[in-house]
Amino acid sequence: MRSSSYFALPARALLVLALTAVAVPTAHAADNTPAPSLAAKPYMGWSSWSMQSSKYPGLNPDGDYSYLTEANVLKQTDAMAAKLKKYGYEYVNIDAGWWMDKAWKSGFDQYGRQKPDPVRFPHGMKAVADRIHAKGLKAGIYLPAGLEKGAYGDGRTPIWNADGCTTADIVYDDLRTTNGWDSAYKLDFAKPCTDKYIDSQAQLIAQWGYDFLKLDGVGPGSGKSGDQYDNVADVAAWNRAIAGTGRTVHLELSWSLDIGHAADWKKYSQGWRIDTDVECYCNTLVSWENSVDDRWDDTPAWTRHAGPGGWNDLDSLDVGNGQMDGLTKAERQSYATLWAIAKSPLYTGDDLTRLDSYGLSLLTNREVIGLNQGPNPPAHAVTPSDPQQVWAAENPDGTWTVALFNLADAPAAVTADWTTLGFTGKASVRDLWNHENLGTYRNKVTQALPAHGSRLFTVTPHGTALAFTGYEAESSANTLGGNASVADCSACSDGKKVGNLYLGGTLTFRDVVVAKAGTYQIKVSYISGDARSVDVSANGGGATRHKLPATGDWGTVSSVYVPVTLKAGANTITFDSGTGYAPDIDRIDVPKS
């Protein structure tokens with residue numbers, strides 16, 4: 001598994017996850033809490049890591065990760081101000097390495113705090129922040145979780161503004177390590193001096209004038225689990241420390257954060273990286289397979305956690321540089337589409353001084369940016385994680401955001417059926433990427449898409465609301481096979497579900513009645529802590545295998561739609577685990593027309 005890393009090992013990665021430093025109430029669509037001023041919408045900007053980590057010719061001429069310099073940051077600052085600022089891009093984020101020389105050796109001040117490398121940043125970090133601010137932009141900086149080993153100094157290093165405290169007084173006596181790369185000693189917050197160290201780092205960042213902090217290697221997550229790698233206390237301490245500075249600072253957490261601690265990330269931060277690094281650590285910035293395409297599988301479980309005050313961070317959006325990005329035009333558009341509809345922060349790692357015309361059009365499309373920055377909720381997958389997917393979200397004005405994706409390696413048609421949006425009849429369709437009204441479509445819209453291609457629409461319903469008939473999985477009318485069994489489920493519609501669908505376990509719904517023969521989009525409500533596949537068939541006919549996205553844990557119900565061909569009258573619908581493990585099933589809902 002690839003890992004994020006600020007270490008010098010080129011095969012390892014360093015990831016951006018957003019956590020905010022000030023505790024603010026998280027307001028989601030379901031409550032009436034006032035929207036917070038910090039992270040009220042996903043942030044937009046630029047990050048240095050994609051170019052630092054790439055082996056694209058010319059980017060890192062002085063060795064791996066050497067791109068990060070004061071001069072290069074200010075070039076990107078000027079380019080952002082000229083090209084992207086008016087579209088909402090505002091953060092210029094300096095990533096790992098600002099306190100390291102070209103050989104990746106760290107420097108620290110007399111209080112064990114990271115000190116800018118004089119070659120990379122000859123005028124210091126405050127001067128850089130001042131230059132960024134002078135352009136009307138905001139400045140971001142980076143730190144890893146824990147006390148870096150190089151700052152320990154045999155335990156004798158004093159802590160700033162904390163009489164009698166040294167580095168030996170803030171870590172565990174056994175010097176256990178922490179963070180995603182074991183590059184730091186774990187902080188012991190039971191000791192009174194420990195908060196003082198985080199306070200000292202926060203005060204320094206605030207004095208320099210930074211508006212954003214990426215805290216990296218955070219666990220549970222970052223490829224690590226267990227008490228040694230649990231950094232929730234660190235994140236809480238940073239929350240307190242930044243609040244204590246009096247400066248508004250957005251705290252971003254990284255990387256592959258544990259969804260089981262989503263409540264902690266939401267309590268203490270404004271953003272959290274949900275996945276591994278998007279960078280490929282190759283001769284381009286990214287590649288489709290490593291790891292842009294992972295996000296279609298990994299995002300659905302997190303969707304319900306995003307909202308004003310805290311956002312799911314999908315990592316850098318590298319779609320602006322063409323050949324250097326390492327993607328086709330179709331892949332670049334799909335990449336940008338998912339980031340926009342998932343309401344991920346929109347920060348690019350591209351070279352802003354050489355954006356190509358197509359990349360600039362993707363990064364500056366006001367209609368697409370409006371979806372990301374507006375009041376509409378994040379989209380979710382309404383069809384399973386199969387190669388042809390539909391994602392959708394109902395907007396506050398009654399319209400729908402609908403994205404079609406063909407994740408296959410060959411061209412294919414993708415259809416959005418209006419029944420998966422809860423209505424039938426006519427709807428008008430607008431193409432957001434092309435700023436074009438496509439007219440009225442009855443019951444569905446179908447598009448032929450290239451490999452890894454997409455379309456993004458606003459759909460305005462003009463039809464009628466659809467009625468469904470619900471069938472509970474645990475009904476005594478159904479038939480269970482193999483290991484399948486009924487179990488309690490507090491989140492399920494009737495307090496029960498059918499589980500243990502593995503190695504041949506089956507669930508057959510009986511007496512599913514429809515008035516007319518045809519293909520119906522069946523809504524499947526299910527629970528699955530990870531992505532799992534199931535074979536779905538009707539009336540003993542051939543089965544179609546669908547991979548259902550993870551719901552995040554085994555106590556959360558989600559739903560997707562699967563097409564099933566039914567006859568007029570009574571039908572059976574079977575869910576078969578086959579030779580693997582299938583999700584637990586709560587119920588199905590069948591359209592009445």
# chains A, B, ... in the order shown; residues from 1 in each chain; ligands from 1
call {"tool": "select_by_dssp", "arguments": {"residues": "segment 289-532 of chain A", "states": "alpha helix (DSSP H)", "output": "PyMOL selection string"}}
result
chain A and resi 294-298+329-341+357-363+366-373
call {"tool": "residues_around", "arguments": {"residues": "segment 383-390 of chain A", "least_positions_apart": "6", "cutoff": "8 Å", "atoms": "only C-alpha atoms", "output": "PyMOL selection string"}}
result
chain A and resi 296-297+402-408+412-416+546-549+560-562
call {"tool": "write_last_selection", "arguments": {"atoms": "N, CA, C and O atoms", "output": "PDB file, in the first residue's frame"}}
result
ATOM      1  N   TRP A 296     -13.710   6.990  -6.532  1.00  0.00           N
ATOM      2  CA  TRP A 296     -15.104   6.583  -6.788  1.00  0.00           C
ATOM      3  C   TRP A 296     -15.525   5.472  -5.842  1.00  0.00           C
ATOM      4  O   TRP A 296     -16.690   5.380  -5.485  1.00  0.00           O
ATOM      5  N   ASP A 297     -14.589   4.631  -5.417  1.00  0.00           N
ATOM      6  CA  ASP A 297     -14.901   3.582  -4.445  1.00  0.00           C
ATOM      7  C   ASP A 297     -14.912   4.106  -3.013  1.00  0.00           C
ATOM      8  O   ASP A 297     -15.708   3.654  -2.184  1.00  0.00           O
ATOM      9  N   VAL A 402     -26.680  15.845 -11.462  1.00  0.00           N
ATOM     10  CA  VAL A 402     -26.556  14.467 -11.939  1.00  0.00           C
ATOM     11  C   VAL A 402     -25.258  14.337 -12.734  1.00  0.00           C
ATOM     12  O   VAL A 402     -25.033  15.077 -13.697  1.00  0.00           O
ATOM     13  N   ALA A 403     -24.413  13.415 -12.320  1.00  0.00           N
ATOM     14  CA  ALA A 403     -23.157  13.143 -13.030  1.00  0.00           C
ATOM     15  C   ALA A 403     -23.171  11.719 -13.551  1.00  0.00           C
ATOM     16  O   ALA A 403     -23.550  10.794 -12.825  1.00  0.00           O
ATOM     17  N   LEU A 404     -22.775  11.555 -14.797  1.00  0.00           N
ATOM     18  CA  LEU A 404     -22.629  10.235 -15.408  1.00  0.00           C
ATOM     19  C   LEU A 404     -21.148   9.931 -15.535  1.00  0.00           C
ATOM     20  O   LEU A 404     -20.378  10.774 -16.012  1.00  0.00           O
ATOM     21  N   PHE A 405     -20.743   8.735 -15.131  1.00  0.00           N
ATOM     22  CA  PHE A 405     -19.338   8.331 -15.223  1.00  0.00           C
ATOM     23  C   PHE A 405     -19.234   6.984 -15.916  1.00  0.00           C
ATOM     24  O   PHE A 405     -19.970   6.046 -15.577  1.00  0.00           O
ATOM     25  N   ASN A 406     -18.302   6.880 -16.846  1.00  0.00           N
ATOM     26  CA  ASN A 406     -17.928   5.591 -17.422  1.00  0.00           C
ATOM     27  C   ASN A 406     -16.511   5.289 -16.960  1.00  0.00           C
ATOM     28  O   ASN A 406     -15.541   5.821 -17.499  1.00  0.00           O
ATOM     29  N   LEU A 407     -16.383   4.450 -15.950  1.00  0.00           N
ATOM     30  CA  LEU A 407     -15.074   4.134 -15.377  1.00  0.00           C
ATOM     31  C   LEU A 407     -14.399   2.967 -16.079  1.00  0.00           C
ATOM     32  O   LEU A 407     -13.301   2.569 -15.701  1.00  0.00           O
ATOM     33  N   ALA A 408     -15.046   2.435 -17.113  1.00  0.00           N
ATOM     34  CA  ALA A 408     -14.475   1.319 -17.870  1.00  0.00           C
ATOM     35  C   ALA A 408     -13.335   1.805 -18.768  1.00  0.00           C
ATOM     36  O   ALA A 408     -13.199   3.000 -19.057  1.00  0.00           O
ATOM     37  N   ALA A 412     -18.588   3.449 -23.470  1.00  0.00           N
ATOM     38  CA  ALA A 412     -19.844   2.812 -23.058  1.00  0.00           C
ATOM     39  C   ALA A 412     -20.905   3.886 -22.861  1.00  0.00           C
ATOM     40  O   ALA A 412     -20.595   5.049 -22.606  1.00  0.00           O
ATOM     41  N   ALA A 413     -22.161   3.475 -22.973  1.00  0.00           N
ATOM     42  CA  ALA A 413     -23.274   4.374 -22.703  1.00  0.00           C
ATOM     43  C   ALA A 413     -23.624   4.318 -21.216  1.00  0.00           C
ATOM     44  O   ALA A 413     -23.548   3.261 -20.590  1.00  0.00           O
ATOM     45  N   VAL A 414     -24.011   5.461 -20.678  1.00  0.00           N
ATOM     46  CA  VAL A 414     -24.429   5.546 -19.276  1.00  0.00           C
ATOM     47  C   VAL A 414     -25.782   6.240 -19.237  1.00  0.00           C
ATOM     48  O   VAL A 414     -25.981   7.265 -19.903  1.00  0.00           O
ATOM     49  N   THR A 415     -26.705   5.675 -18.457  1.00  0.00           N
ATOM     50  CA  THR A 415     -28.072   6.201 -18.381  1.00  0.00           C
ATOM     51  C   THR A 415     -28.407   6.625 -16.958  1.00  0.00           C
ATOM     52  O   THR A 415     -28.171   5.875 -16.006  1.00  0.00           O
ATOM     53  N   ALA A 416     -28.949   7.829 -16.831  1.00  0.00           N
ATOM     54  CA  ALA A 416     -29.559   8.260 -15.574  1.00  0.00           C
ATOM     55  C   ALA A 416     -31.063   8.136 -15.730  1.00  0.00           C
ATOM     56  O   ALA A 416     -31.672   8.823 -16.558  1.00  0.00           O
ATOM     57  N   HIS A 546     -23.287  -6.742  -8.880  1.00  0.00           N
ATOM     58  CA  HIS A 546     -23.105  -5.332  -8.579  1.00  0.00           C
ATOM     59  C   HIS A 546     -22.226  -5.184  -7.346  1.00  0.00           C
ATOM     60  O   HIS A 546     -22.410  -5.899  -6.356  1.00  0.00           O
ATOM     61  N   LYS A 547     -21.280  -4.226  -7.412  1.00  0.00           N
ATOM     62  CA  LYS A 547     -20.485  -3.899  -6.227  1.00  0.00           C
ATOM     63  C   LYS A 547     -21.104  -2.692  -5.550  1.00  0.00           C
ATOM     64  O   LYS A 547     -21.195  -1.614  -6.135  1.00  0.00           O
ATOM     65  N   LEU A 548     -21.536  -2.873  -4.297  1.00  0.00           N
ATOM     66  CA  LEU A 548     -22.170  -1.805  -3.544  1.00  0.00           C
ATOM     67  C   LEU A 548     -21.125  -1.090  -2.702  1.00  0.00           C
ATOM     68  O   LEU A 548     -20.317  -1.733  -2.022  1.00  0.00           O
ATOM     69  N   PRO A 549     -21.117   0.250  -2.731  1.00  0.00           N
ATOM     70  CA  PRO A 549     -20.101   0.988  -1.969  1.00  0.00           C
ATOM     71  C   PRO A 549     -20.227   0.749  -0.477  1.00  0.00           C
ATOM     72  O   PRO A 549     -21.310   0.442   0.037  1.00  0.00           O
ATOM     73  N   VAL A 560     -28.701   2.225  -2.905  1.00  0.00           N
ATOM     74  CA  VAL A 560     -28.380   2.386  -4.319  1.00  0.00           C
ATOM     75  C   VAL A 560     -29.528   1.772  -5.115  1.00  0.00           C
ATOM     76  O   VAL A 560     -30.401   1.091  -4.554  1.00  0.00           O
ATOM     77  N   TYR A 561     -29.513   2.010  -6.409  1.00  0.00           N
ATOM     78  CA  TYR A 561     -30.517   1.442  -7.306  1.00  0.00           C
ATOM     79  C   TYR A 561     -29.860   0.423  -8.229  1.00  0.00           C
ATOM     80  O   TYR A 561     -28.764   0.668  -8.749  1.00  0.00           O
ATOM     81  N   VAL A 562     -30.546  -0.694  -8.442  1.00  0.00           N
ATOM     82  CA  VAL A 562     -30.077  -1.691  -9.395  1.00  0.00           C
ATOM     83  C   VAL A 562     -31.225  -2.018 -10.356  1.00  0.00           C
ATOM     84  O   VAL A 562     -32.393  -2.081  -9.943  1.00  0.00           O
TER      85      VAL A 562
END
call {"tool": "closest_atom_pairs", "arguments": {"of": "segment 150-219 of chain A", "to": "segment 106-115 of chain A", "cutoff": "12 Å", "atoms": "only C-alpha atoms", "output": "JSON lines"}}
result
{"residue": "A:Gly150", "atom": "CA", "partner": "A:Ser106", "partner_atom": "CA", "distance": 7.0}
{"residue": "A:Ala151", "atom": "CA", "partner": "A:Gly112", "partner_atom": "CA", "distance": 4.6}
{"residue": "A:Tyr152", "atom": "CA", "partner": "A:Gly112", "partner_atom": "CA", "distance": 6.8}
{"residue": "A:Gly153", "atom": "CA", "partner": "A:Gly112", "partner_atom": "CA", "distance": 8.0}
{"residue": "A:Asp154", "atom": "CA", "partner": "A:Gly112", "partner_atom": "CA", "distance": 11.2}
{"residue": "A:Gly155", "atom": "CA", "partner": "A:Gly112", "partner_atom": "CA", "distance": 10.1}
{"residue": "A:Arg156", "atom": "CA", "partner": "A:Tyr111", "partner_atom": "CA", "distance": 9.9}
{"residue": "A:Thr157", "atom": "CA", "partner": "A:Tyr111", "partner_atom": "CA", "distance": 6.1}
{"residue": "A:Pro158", "atom": "CA", "partner": "A:Tyr111", "partner_atom": "CA", "distance": 5.4}
{"residue": "A:Ile159", "atom": "CA", "partner": "A:Tyr111", "partner_atom": "CA", "distance": 5.2}
{"residue": "A:Trp160", "atom": "CA", "partner": "A:Tyr111", "partner_atom": "CA", "distance": 5.5}
{"residue": "A:Asn161", "atom": "CA", "partner": "A:Tyr111", "partner_atom": "CA", "distance": 9.3}
{"residue": "A:Ala162", "atom": "CA", "partner": "A:Tyr111", "partner_atom": "CA", "distance": 10.1}
{"residue": "A:Asp163", "atom": "CA", "partner": "A:Tyr111", "partner_atom": "CA", "distance": 11.8}
{"residue": "A:Cys165", "atom": "CA", "partner": "A:Tyr111", "partner_atom": "CA", "distance": 10.3}
{"residue": "A:Thr166", "atom": "CA", "partner": "A:Tyr111", "partner_atom": "CA", "distance": 8.6}
{"residue": "A:Thr167", "atom": "CA", "partner": "A:Gly112", "partner_atom": "CA", "distance": 7.7}
{"residue": "A:Ala168", "atom": "CA", "partner": "A:Gly112", "partner_atom": "CA", "distance": 11.4}
{"residue": "A:Ile170", "atom": "CA", "partner": "A:Gly112", "partner_atom": "CA", "distance": 11.6}
{"residue": "A:Ser183", "atom": "CA", "partner": "A:Ser106", "partner_atom": "CA", "distance": 11.4}
{"residue": "A:Lys196", "atom": "CA", "partner": "A:Tyr111", "partner_atom": "CA", "distance": 11.1}
{"residue": "A:Tyr197", "atom": "CA", "partner": "A:Arg113", "partner_atom": "CA", "distance": 8.6}
{"residue": "A:Ile198", "atom": "CA", "partner": "A:Arg113", "partner_atom": "CA", "distance": 9.5}
{"residue": "A:Asp199", "atom": "CA", "partner": "A:Arg113", "partner_atom": "CA", "distance": 10.9}
{"residue": "A:Ser200", "atom": "CA", "partner": "A:Arg113", "partner_atom": "CA", "distance": 7.9}
{"residue": "A:Gln201", "atom": "CA", "partner": "A:Arg113", "partner_atom": "CA", "distance": 6.4}
{"residue": "A:Ala202", "atom": "CA", "partner": "A:Arg113", "partner_atom": "CA", "distance": 10.0}
{"residue": "A:Gln203", "atom": "CA", "partner": "A:Arg113", "partner_atom": "CA", "distance": 10.8}
{"residue": "A:Leu204", "atom": "CA", "partner": "A:Arg113", "partner_atom": "CA", "distance": 8.5}
{"residue": "A:Ile205", "atom": "CA", "partner": "A:Gln114", "partner_atom": "CA", "distance": 10.2}
{"residue": "A:Trp208", "atom": "CA", "partner": "A:Lys115", "partner_atom": "CA", "distance": 11.9}
call {"tool": "atom_distance", "arguments": {"atom1": "atom CA of Asp234 of chain A", "atom2": "atom CA of Val171 of chain A"}}
result
12.0 Å
call {"tool": "residues_around", "arguments": {"residues": "Leu352 of chain A", "least_positions_apart": "4", "cutoff": "9 Å", "atoms": "only C-alpha atoms", "output": "list in words"}}
result
Trp46, Lys75, Gln76, Thr77, Asp78, Ala79, Met80, Lys83, Leu84, Gly320, Asn321 and Thr348 of chain A
call {"tool": "residues_around", "arguments": {"residues": "segment 490-493 of chain A", "least_positions_apart": "6", "cutoff": "10 Å", "atoms": "only C-alpha atoms", "output": "count of residues only"}}
result
12
call {"tool": "atom_distance", "arguments": {"atom1": "atom CA of Ser559 of chain A", "atom2": "atom CA of Val524 of chain A"}}
result
5.3 Å
call {"tool": "closest_residue", "arguments": {"among": "A:Tyr347, A:Phe575, A:Trp302, A:Trp265", "to": "Tyr89 of chain A", "atoms": "only C-alpha atoms"}}
result
A:Tyr347
